[in-house]
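Below you'll find the structure, written out as structure tokens, and then a few comments.
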Amino acid sequence: MAVIEIERQMLPMLGSPNQGARFYNPDLPQTEPFVPGHRTCAGCGPSIQYRMTSKASGDNTILVGPTGCMYVANSSYLCTPYNVPWAHTQIGSAGSFTAGVAAAYEAMIRKGKWKGAFPNIICEAGDGSASDIGLASISGALYRDHDCLIICYDNEQYANTGIQASSRTPYGGMTTFSPPGPMVPEAKKLFPKDLARMMAAGHPHCYVATATVGYPIDLMNKVRKGLNHKGAAFLMIYTPCQKGFVYETPRSIDLGRLVVECGLYPIWEWNHEAREYDYSFRPQHMRPVSEYLKLQGRFGHLHAEHIAKLQKFANEQWRMMGVEVPEALVRATNPETIADMASAEAAAAVAHTV
Amino acid sequence: MSTKGTHIPDWLQVPFAGITPAPSQTKGQDLFPTGNWRAIRPVYRDKMPPCNNACGTNEKIQGYLDLVKRGKYLDAYALIKEDMPFPSVTGRVCYHPCEQACNRGQYDEAISIRAVERFLGDLGQALPKDVVQPGPPNGKKVAVVGSGPAGHSAAYQLARLGYEVTILEKSAKAGGLNRGGIPDWVLPKEVLDREIERLQELGVTIKTNVEVGKDVTWDDLRTKYDACVLAVGLTEPNSVRAEGEDKDGVLYGLPFLREIGMGTSTVKLGPRVAVIGGGNTAIDCAREALRQGAEEVTMITVESGKHEMPAVPEDLHDMLEEGVELMHGLAMTAVLGNGKVDALQLHPARFTGAINASPIDVDRETAPAKVAVDNVIIAVGQHAAIKWLPDEFKTERGTIKIDRFGRLGDTMFFAAGDIVQAGTGRQLMVVNAVGDGKRVAFNLDKAVRGEPQYERMAGGDVITDLNRMNMTYFPHFPRVQQAMLEPSSRKRTQDEVILSFSEEQAQEEANRCFSCGTCNACDNCYLVCPEPCIVRLDRSNGLYKILVDYCKGCRVCIEECPTGCLEGVPELDFDTGVVRMDTAFAITPGLHGRQAAELKTVADRTKEI
Amino acid sequence: MATASMAKKTVRINGCVASAQAAKYSDVDVITAYPIRPYTATMMALAQMVANGELDAEYIVADSEHSQLSIAHGAASSGARVFTGSSGVGVHYAYELYSPISGSRMPVQMMIADRTLDPPGDFGSEHTDALATRDMGWLMGWSCDAQEAFDNHLIAYRIGEDPRVLLPQMVCQDGFFVSHITTDVALPDSGQVKEFLPPYKHPYPLDPRHPVSHGPQIMPEQGPPLQLERARAMEGAMTVIEEAHEEFARVFGRRYDPWIEEFMTDGADVVFFMQGGHAVTARHAIRHMRERGAKVGLVRLRTIRPYPTDRVMASLSRFKVVGVVETNMGLGSVSSGGSLYAEACAALYESDKRPLVLSFMAGMGGEAIVLKEFYWMTNKLLEAQKRGKIEKRTHWVGFEE
């Protein structure tokens with residue numbers, strides 16, 4: 001019997017039609033696999049990402065939803081916003097359920113039980129799933145190189161259960177499991193796991209990259225790159241959560257840019273062929289971390305020394321990317337140059353009414 | 001069997017194993033219209049871009065720049081032609097109040113709008129047939145007195161409305177100030193001639209060498225035509241009332257330029273020429289003098305510095321590049337010489353109040369300076385020659401008295417241009433005259449048809465605050481500069497000094513336009529919506545629709561809108577017909593049963609992938 | 001690449017390999033493996049089959065049992081026939097998945113070679129590993145030898161994938177006693193399997209051409225109809241189970257009662273009630289005791305989920321005393337012994353003629369239940385019969401007089 005060759009989709013990159021002063025978005029695909037009528041919060045960062053990801057992927061897609069906001073909020077109650085197949089799985093099963101879908105399609109197409117191009121298989125795991133309980137299953141899926149894309153939508157906390165600390169919660173990030181108090185003035189003492197680098201370092205044959213909702217076209221192109229890659233791909237995408245971060249709702253995209261401009265979320269790609277990191281992404285500006293922190297209530301308790309510590313961390317990230325740290329940002333690691341978050345000038349108005 | 005005899009009631013029907021069929025991309029997940037969560041609803045409300053607002057004839061500048069961005073040059077040209085008959089002219093001569101108002105100027109550099117308009121105007125001139133047609137004839141005759149910018153504009157709009165228009169021009173050639181007040185090296189005569197030709201292609205008759213008050217009377221106008229537009233301009237030069245002003249070699253600015261423009265000039269300038277005046281006409285005279293053979297040209301102004309001169313800064317800069325000397329704070333009090341000028345007497349002077357609009361205080365106590373010159377050109381403004389006008393319609397300033405619609409009392413006479421704008425505080429420039437001529441034409445038409453007339457439009461919500469837009473989406477980019485001829489050579493020729501944009505340059509410059517307050521289909525709102533509940537209806541003209549059933553009022557779209565055309569409207573009463581959701585269930589009973597039924601047919605429906 | 005075509009033959013294999021053969025005959029699409037004794041041998045055999053090209057399947061070495069079952073869930077949801085397995089604590093590492101797989105109606109098949117639960121490590125067989133999951137909605141039953149194991153795997157696919165059922169199956173066998181003891185197994189030819197087992201086709205798989213969503217979040221109010229539906233599926237399976245066994249007998253020529261096997265129960269006063277491999281020893285013991293005049297028989301439970309309540313009641317009501325052999329731990333249970341006792345008693349509760357019921361903790365830790373112990377147990381049953389009363393609900397065999 002003839003060997004059946006499995007046809008894999010290759011999606012083109014979205015280019016900006018004109019460089020320079022023009023800011024038009026490229027001609028975006030028409031299809032909307034993610035439709036309105038879901039019960040996520042207004043301005044939900046992960047939803048914005050989900051919509052962009054599914055649009056980039058197209059209709060020949062299967063989505064996997066481990067427990068988290070992108071399961072519960074999206075599908076409450078007994079409804080679905082997905083116009084492509086989607087399945088819930090356990091919070092720890094992100095990588096494994098996805099691997100099962102990928103393996104099934106390899107077998108079914110090869111054995112002539114299903115006809116068509118290999119579907120784009122995307123797992124959308126929150127950081128709680130990807131960085132904690134589902135870490136092993138994702139690592140397993142990456143190591144075994146199943147043809148799938150695993151996305152960690154990183155809102156830096158367990159959001160769906162009411163905002164608890166995960167191993168992605170930043171230093172100083174208030175959550176209900178890391179509240180500030182006299183014993184813990186910074187609220188969260190621990191710096192987060194560098195999840196994306198773990199995945200790149202541990203599975204160098206995979207496509208790994210970071211992205212944020214602040215740069216939508218970059219995000220969509222990375223999704224497509226991951227899907228085009230024959231084998232496993234992993235994306236860690238910063239997706240702000242209004243509930244947990246406590247910011248003015250319209251700023252979801254803006255925060256996605258600010259976090260990069262402050263050096264707290266380096267954007268890079270792992271080049272699996274050359275086996276090296278591509279740090280060429282540069283945001284428009286470089287800002288001190290306080291510009292980012294002051295917009296969010298979850299950092300409202302920070303003192304100067306804590307902010308300085310975060311600035312030091314940010315400066316290390318810049319250096320890692322090969323960016324020279326300007327004098328102002330070096331100075332900002334000295335607590336004496338910084339105001340506490342609680343002081344009126346430092347904190348921007350968070351509750352803004354009509 | 002414990003499940004024997006069990007029955008699931010209709011309202012509790014759920015699909016098999018909780019498996020739900022996919023929702024529709026067009027209808028959304030209609031079990032849960034999440035729209036009733038919001039307190040603010042986004043709406044698309046185009047604001048007035050400052051360029052459109054500042055333009056004397058309210059050209060749709062943002063609109064045509066947007067079309068140029070997309071490479072739709074013909075559409076852009078047609079858009080200009082709605083309000084401006086001769087973009088090739090204004091693309092060269094306009095003082096561009098639009099560029100002064102351009103918001104990009106607050107960010108890096110204003111858009112070079114005039115240059116883009118010139119590019120489009122020249123493109124239009126090259127068309128074998130113009131895009132504008134005369135309107136269906138309505139059998140009415142209108143006379144337009146004066147073929148300058150105001151008259152040309154009025155005649156143009158009236159022809160498009162279907163009137164039989166006759167222009168009466170007292171000079172030998174049509175064009176008014178376009179021909180007589182603007183040098184060839186700014187506006188080549190071929191360009192102007194072509195525009196006049198275009199006007200005649202619309203069926204407008206131009207009668208030259210016809211002067212009202214000499215060849216034609218007020219009553220002729222009143223009886224032979226159904227209505228009349230007086231656009232006679234300010235043709236008589238002002239005097240500085242200096243001693244000896246009547247000597248040979250003393251010239252006046254406008255006539256000097258006009259005769260050169262008409263081709264009838266017999267002036268031979270000596271090597272040393274002085275120009276009195278600090279405005280745009282004075283600058284043109286100074287530069288023209290160089291081209292007419294003067295070796296040394298000195299401009300003498302009462303204004304105390306460059307900043308006070310009412311001239312366009314670029315033109316002043318270009319003049320200085322060509323080597324004209326500039327003297328400030330001086331008034332010419334006497335012309336010295338024996339029958340012919342050979343020196344000027346200058347006393348220190350200053351304006352007593354507003355620059356160029358108040359009496360001059362001359363300090364005769366200080367000893368005067370003397371400057372040897374062969375010619376002096378006096379360019380300190382013009383006044384009207386309207387002896388033929390009935391006195392009831394004359395103002396104290398010597399202009400025509402009109403009501404706020406541009407009409408002379410109850411008559412069917414209207415007036416437009418410098419002849420009514422002088423002294424009102426509006427700057428006297430071509431584009432303002434064009435705008436005035438346009439508005440007067442429309443009001444004339446309304447008066448003829450017995451309909452109410454309109455005053456000059458107010459600005460509406462003019463967007464000038466960059467905080468209302470989102471600057472993140474605009475990288476800094478320098479202004480594309482038009483090429484220019486080299487100063488030392490150009491001052492000896494009548495060649496056009498400023499060169500045209502190429503197509504690439506025009507597009508590159510149009511790309512810098514923020515599209516202030518006006519949707520230009522950038523797709524940002526469409527892309528960032530979390531629901532998504534922004535639908536693209538027709539991307540090419542920027543129409544989007546918000547699905548109010550689902551919009552939660554997060555306002556991310558408003559924040560990320562680069563142009564500021566999206567705004568938030570408070571919505572607390574849910575009067576848009578959105579269904580309130582009181583329970584966590586689907587909004588009406590049985591919807592899950594519907595899902596159950598739909599699920600069963602999933603195998604029968606195949607989605608194209 | 002196609003799975004090889006096979007002809008009838010008899011081979012000498014153990015229970016693990018028999019299970020592997022069954023998976024091969026069933027042309028499974030996806031296999032998920034994770035090593036833990038004693039079931040590992042099944043996966044080792046399958047790995048070689050795949051490597052040899054005898055079976056075309058995706059063979060996945062998972063990173064844990066939890067992942068094994070999740071991969072299986074994902075694959076079955078996509079429309080692939082899946083085979084997996086585990087033993088002991090491995091079965092429990094995957095526990096989170098059992099209800100989701102069953103509730104989402106995915107017919108995953110799991111081979112379980114029983115192993116005592118920790119603590120401490122003990123490779124020997126107790127049934128607690130699988131029994132502890134019995135309420136999760138999987139079809140479950142024990143085989144007593146390698147042939148039955150092979151057959152049960154095929155029958156389980158047939159039942160589980162039936163569109164009226166769509167439930168996952170745990171096909172269990174005692175570790176070592178079945179899994180690692182070699183016996184003769186008659187293997188069919190592929191044509192018979194093809195006739196008996198239709199291709200797997202889920203009505204609503206994850207297929208981009210027919211998009212559906214599996215498992216959206218619900219409100220409590222939406223729970224009851226879904227739970228009712230699961231219960232209906234499990235009960236409705238009973239008809240299909242009977243059909244399948246009937247069909248199996250027709251195609252393969254081996255007939256099994258779907259629910260219970262009665263051995264020498266004619267005229268018996270006392271019976272052993274048990275499941276699994278120790279029944280083989282029990283049969284020998286009963287034969288010997290019958291020769292000596294003891295009226296003892298065996299009722300072997302073949303399917304424990306769905307529990308054949310009426311059959312069990314009808315059967316056990318014919319006897320005077322029932323001795324439940326518990327090779328499992330039900331700590332703190334009704335009988336302070338194992339778990340089977342309570343279910344047997346509940347089945348008998350509605351009967352007019354309830355026998356005496358007692359239980360025996362035997363074969364614990366994977367120890368063999370030797371003939372002597374069966375004789376001892378039989379004595380206890382006969383004593384109870386004579387007394388007309390049980391001594392106590394649970395006897396610890398080997399630890400009492």
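Chain labels follow the order of the structure tokens: the first chain is A, the next B, and so on; residue numbering restarts at 1 in every chain, and ligands are counted from 1 in their shown order.
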Checklist entry - range 226-236 of chain C: which residues within 8 Å, counting only C-alpha atoms, same-chain residues fewer than 2 positions away excluded, as a ChimeraX atom specification? => result /B:1,3,14,16-18 /C:103,137,139,164-167,222-224,238-240,306
Output N, CA and C atoms of each residue in that selection to a file, as a compact mmCIF listing (two decimals), in the first residue's frame.
```txt
# COMPACT_ATOMS: atom_id res chain seq x y z
N MET B 1 -32.93 -0.98 36.82
CA MET B 1 -32.41 0.16 36.06
C MET B 1 -32.87 1.45 36.71
N THR B 3 -32.25 4.46 35.84
CA THR B 3 -32.60 5.57 34.96
C THR B 3 -33.88 5.27 34.19
N VAL B 14 -29.85 19.56 27.36
CA VAL B 14 -28.49 20.02 27.06
C VAL B 14 -27.91 19.10 25.99
N PHE B 16 -25.46 16.50 23.95
CA PHE B 16 -24.79 15.26 24.30
C PHE B 16 -23.44 15.52 24.97
N ALA B 17 -23.27 14.99 26.15
CA ALA B 17 -22.00 15.10 26.89
C ALA B 17 -21.52 16.55 27.01
N GLY B 18 -22.44 17.47 26.94
CA GLY B 18 -22.03 18.87 27.03
C GLY B 18 -21.22 19.33 25.85
N GLY C 103 -16.77 11.00 31.22
CA GLY C 103 -17.86 11.98 31.06
C GLY C 103 -17.87 12.61 29.68
N GLY C 137 -16.90 5.82 36.12
CA GLY C 137 -17.66 5.70 34.87
C GLY C 137 -16.98 4.91 33.77
N LEU C 139 -16.08 1.23 32.02
CA LEU C 139 -16.46 -0.19 32.01
C LEU C 139 -15.28 -0.94 32.60
N ARG C 164 -24.04 3.59 21.13
CA ARG C 164 -25.00 3.67 22.22
C ARG C 164 -24.28 3.74 23.57
N VAL C 165 -22.99 3.46 23.58
CA VAL C 165 -22.26 3.39 24.84
C VAL C 165 -21.24 4.53 24.93
N LEU C 166 -20.21 4.46 24.09
CA LEU C 166 -19.14 5.48 24.08
C LEU C 166 -18.61 5.71 25.49
N LEU C 167 -18.03 4.65 26.06
CA LEU C 167 -17.42 4.76 27.38
C LEU C 167 -16.04 4.13 27.36
N GLN C 222 -27.04 23.01 35.22
CA GLN C 222 -26.90 22.22 34.00
C GLN C 222 -26.27 20.86 34.28
N GLY C 223 -25.83 20.67 35.52
CA GLY C 223 -25.18 19.43 35.88
C GLY C 223 -26.08 18.20 35.85
N PRO C 224 -27.25 18.28 36.50
CA PRO C 224 -28.08 17.06 36.61
C PRO C 224 -28.38 16.36 35.28
N MET C 238 -25.42 -2.23 29.34
CA MET C 238 -25.66 -3.64 29.69
C MET C 238 -26.19 -4.42 28.51
N THR C 239 -27.11 -3.82 27.79
CA THR C 239 -27.64 -4.51 26.60
C THR C 239 -26.53 -4.77 25.60
N VAL C 240 -25.72 -3.73 25.40
CA VAL C 240 -24.67 -3.83 24.40
C VAL C 240 -23.64 -4.88 24.82
N PRO C 306 -20.60 -2.05 34.24
CA PRO C 306 -21.72 -1.83 35.17
C PRO C 306 -21.97 -3.09 36.02
```
Item to check | Exercise answer, chain C residues close to chain A, 8 Å and only C-alpha atoms, as JSON, numbers by chain | outcome: {"C": [1, 2, 29, 30, 56, 57, 58, 62, 63, 64, 66, 67, 68, 70, 71, 72, 73, 74, 75, 76, 77, 78, 79, 80, 96, 97, 206, 207, 208, 209, 210, 211, 212, 213, 214, 215, 216, 217, 218, 219]}
Checklist entry - What are the residues of chain B that have an atom within 7 Å of an atom of chain A, counting only C-alpha atoms, as a PyMOL selection string? => result chain B and resi 18+20+22-25+28-30+32-34+473-475+477+511-512+522-523+528-533+550+552-556+559+570+585+609
Checklist entry - In range 250-300 of chain B, what's alpha helix (DSSP H) per DSSP? Answer as a list in words? => result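 The alpha helix (DSSP H) residues within range 250-300 of chain B come out as Gly253, Leu254, Pro255, Phe256, Leu257, Arg258, Glu259, Ile260, Gly261, Met262, Asn280, Thr281, Ala282, Ile283, Asp284, Cys285, Ala286, Arg287, Glu288, Ala289, Leu290 and Arg291 of chain B.
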Checklist entry - Which chain B residues are at most 12 Å from chain C (counting only C-alpha atoms), as a PyMOL selection string? => result chain B and resi 1-24+583-586+592-593+595-596+598-609
Next on the checklist: Would you pick out the contacts of range 73-78 of chain B at 8 Å or less, using only C-alpha atoms, so that residues sharing its chain but fewer than 6 positions from it are not included, and give the list as a PyMOL selection string?
Outcome noted: chain B and resi 63-65+67+120-121+123-124+131-132
Take the residues from that selection and put them in a file with N, CA and C atoms, as a PDB file, in the first residue's frame.
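This is the output file selection.pdb:
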```
ATOM      1  N   GLY B  63      -8.813  63.970   3.559  1.00  0.00           N
ATOM      2  CA  GLY B  63      -9.381  62.999   2.620  1.00  0.00           C
ATOM      3  C   GLY B  63      -8.467  62.755   1.437  1.00  0.00           C
ATOM      4  N   TYR B  64      -7.945  63.807   0.849  1.00  0.00           N
ATOM      5  CA  TYR B  64      -7.149  63.545  -0.343  1.00  0.00           C
ATOM      6  C   TYR B  64      -5.772  62.998   0.000  1.00  0.00           C
ATOM      7  N   LEU B  65      -5.256  63.372   1.171  1.00  0.00           N
ATOM      8  CA  LEU B  65      -3.992  62.747   1.583  1.00  0.00           C
ATOM      9  C   LEU B  65      -4.183  61.251   1.775  1.00  0.00           C
ATOM     10  N   LEU B  67      -6.286  59.369   0.203  1.00  0.00           N
ATOM     11  CA  LEU B  67      -6.374  58.738  -1.111  1.00  0.00           C
ATOM     12  C   LEU B  67      -4.998  58.624  -1.745  1.00  0.00           C
ATOM     13  N   LEU B 120      -0.959  66.672  -7.320  1.00  0.00           N
ATOM     14  CA  LEU B 120      -2.267  66.242  -7.810  1.00  0.00           C
ATOM     15  C   LEU B 120      -2.805  67.211  -8.862  1.00  0.00           C
ATOM     16  N   GLY B 121      -2.577  68.543  -8.633  1.00  0.00           N
ATOM     17  CA  GLY B 121      -3.062  69.535  -9.589  1.00  0.00           C
ATOM     18  C   GLY B 121      -2.411  69.342 -10.949  1.00  0.00           C
ATOM     19  N   LEU B 123      -1.151  66.607 -12.093  1.00  0.00           N
ATOM     20  CA  LEU B 123      -1.692  65.370 -12.647  1.00  0.00           C
ATOM     21  C   LEU B 123      -3.024  65.657 -13.341  1.00  0.00           C
ATOM     22  N   GLY B 124      -3.831  66.503 -12.685  1.00  0.00           N
ATOM     23  CA  GLY B 124      -5.139  66.849 -13.240  1.00  0.00           C
ATOM     24  C   GLY B 124      -5.009  67.652 -14.517  1.00  0.00           C
ATOM     25  N   VAL B 131     -12.033  66.097 -14.660  1.00  0.00           N
ATOM     26  CA  VAL B 131     -13.022  65.261 -13.969  1.00  0.00           C
ATOM     27  C   VAL B 131     -14.302  66.024 -13.675  1.00  0.00           C
ATOM     28  N   VAL B 132     -14.280  67.348 -13.783  1.00  0.00           N
ATOM     29  CA  VAL B 132     -15.433  68.166 -13.407  1.00  0.00           C
ATOM     30  C   VAL B 132     -16.267  68.475 -14.645  1.00  0.00           C
TER      31      VAL B 132
END
```
Checklist entry - CA of Thr464 in chain B to CA of Gln106 in chain B: how many Å, to one decimal? => result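 That distance, rounded to one decimal, is 9.3 Å.
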Mind listing the strand (DSSP E or B) residues of range 293-364 of chain C, per DSSP on the backbone, as a PDB file with N, CA and C atoms, in the first residue's frame?
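This went into part26.pdb:
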```pdb
ATOM      1  N   VAL C 296     -19.501 -27.077  47.443  1.00  0.00           N
ATOM      2  CA  VAL C 296     -18.967 -25.712  47.270  1.00  0.00           C
ATOM      3  C   VAL C 296     -18.828 -25.384  45.800  1.00  0.00           C
ATOM      4  N   GLY C 297     -19.049 -24.168  45.437  1.00  0.00           N
ATOM      5  CA  GLY C 297     -18.930 -23.754  44.046  1.00  0.00           C
ATOM      6  C   GLY C 297     -18.292 -22.375  43.959  1.00  0.00           C
ATOM      7  N   LEU C 298     -18.220 -21.901  42.726  1.00  0.00           N
ATOM      8  CA  LEU C 298     -17.568 -20.601  42.488  1.00  0.00           C
ATOM      9  C   LEU C 298     -18.477 -19.732  41.631  1.00  0.00           C
ATOM     10  N   VAL C 299     -18.672 -18.517  42.048  1.00  0.00           N
ATOM     11  CA  VAL C 299     -19.307 -17.531  41.172  1.00  0.00           C
ATOM     12  C   VAL C 299     -18.267 -16.452  40.923  1.00  0.00           C
ATOM     13  N   ARG C 300     -17.818 -16.366  39.660  1.00  0.00           N
ATOM     14  CA  ARG C 300     -16.760 -15.389  39.339  1.00  0.00           C
ATOM     15  C   ARG C 300     -17.402 -14.186  38.642  1.00  0.00           C
ATOM     16  N   LEU C 301     -17.139 -13.041  39.194  1.00  0.00           N
ATOM     17  CA  LEU C 301     -17.673 -11.799  38.609  1.00  0.00           C
ATOM     18  C   LEU C 301     -16.761 -11.389  37.463  1.00  0.00           C
ATOM     19  N   ARG C 305     -18.265  -3.310  36.392  1.00  0.00           N
ATOM     20  CA  ARG C 305     -18.920  -2.062  36.014  1.00  0.00           C
ATOM     21  C   ARG C 305     -19.320  -2.173  34.543  1.00  0.00           C
ATOM     22  N   VAL C 321     -24.558 -19.749  51.761  1.00  0.00           N
ATOM     23  CA  VAL C 321     -23.502 -18.864  52.238  1.00  0.00           C
ATOM     24  C   VAL C 321     -22.662 -18.414  51.056  1.00  0.00           C
ATOM     25  N   VAL C 322     -22.326 -17.145  51.082  1.00  0.00           N
ATOM     26  CA  VAL C 322     -21.451 -16.588  50.049  1.00  0.00           C
ATOM     27  C   VAL C 322     -20.185 -16.087  50.705  1.00  0.00           C
ATOM     28  N   GLY C 323     -19.054 -16.538  50.187  1.00  0.00           N
ATOM     29  CA  GLY C 323     -17.785 -16.078  50.716  1.00  0.00           C
ATOM     30  C   GLY C 323     -17.105 -15.174  49.694  1.00  0.00           C
ATOM     31  N   VAL C 324     -17.111 -13.896  49.966  1.00  0.00           N
ATOM     32  CA  VAL C 324     -16.501 -12.945  49.019  1.00  0.00           C
ATOM     33  C   VAL C 324     -15.000 -12.961  49.235  1.00  0.00           C
ATOM     34  N   VAL C 325     -14.255 -13.281  48.217  1.00  0.00           N
ATOM     35  CA  VAL C 325     -12.797 -13.255  48.322  1.00  0.00           C
ATOM     36  C   VAL C 325     -12.314 -11.855  47.909  1.00  0.00           C
ATOM     37  N   GLU C 326     -11.777 -11.166  48.888  1.00  0.00           N
ATOM     38  CA  GLU C 326     -11.338  -9.782  48.623  1.00  0.00           C
ATOM     39  C   GLU C 326      -9.841  -9.748  48.437  1.00  0.00           C
ATOM     40  N   LEU C 356     -26.180 -16.003  53.731  1.00  0.00           N
ATOM     41  CA  LEU C 356     -25.212 -15.380  54.617  1.00  0.00           C
ATOM     42  C   LEU C 356     -24.045 -14.905  53.770  1.00  0.00           C
ATOM     43  N   VAL C 357     -23.505 -13.763  54.116  1.00  0.00           N
ATOM     44  CA  VAL C 357     -22.379 -13.241  53.343  1.00  0.00           C
ATOM     45  C   VAL C 357     -21.253 -12.913  54.297  1.00  0.00           C
ATOM     46  N   LEU C 358     -20.083 -13.427  53.977  1.00  0.00           N
ATOM     47  CA  LEU C 358     -18.894 -13.011  54.691  1.00  0.00           C
ATOM     48  C   LEU C 358     -17.772 -12.857  53.694  1.00  0.00           C
ATOM     49  N   SER C 359     -16.686 -12.257  54.167  1.00  0.00           N
ATOM     50  CA  SER C 359     -15.600 -11.986  53.218  1.00  0.00           C
ATOM     51  C   SER C 359     -14.269 -12.456  53.763  1.00  0.00           C
ATOM     52  N   PHE C 360     -13.338 -12.658  52.836  1.00  0.00           N
ATOM     53  CA  PHE C 360     -11.999 -13.124  53.158  1.00  0.00           C
ATOM     54  C   PHE C 360     -10.969 -12.207  52.554  1.00  0.00           C
ATOM     55  N   MET C 361     -10.093 -11.726  53.395  1.00  0.00           N
ATOM     56  CA  MET C 361      -8.946 -10.987  52.852  1.00  0.00           C
ATOM     57  C   MET C 361      -7.909 -12.015  52.485  1.00  0.00           C
TER      58      MET C 361
END
```
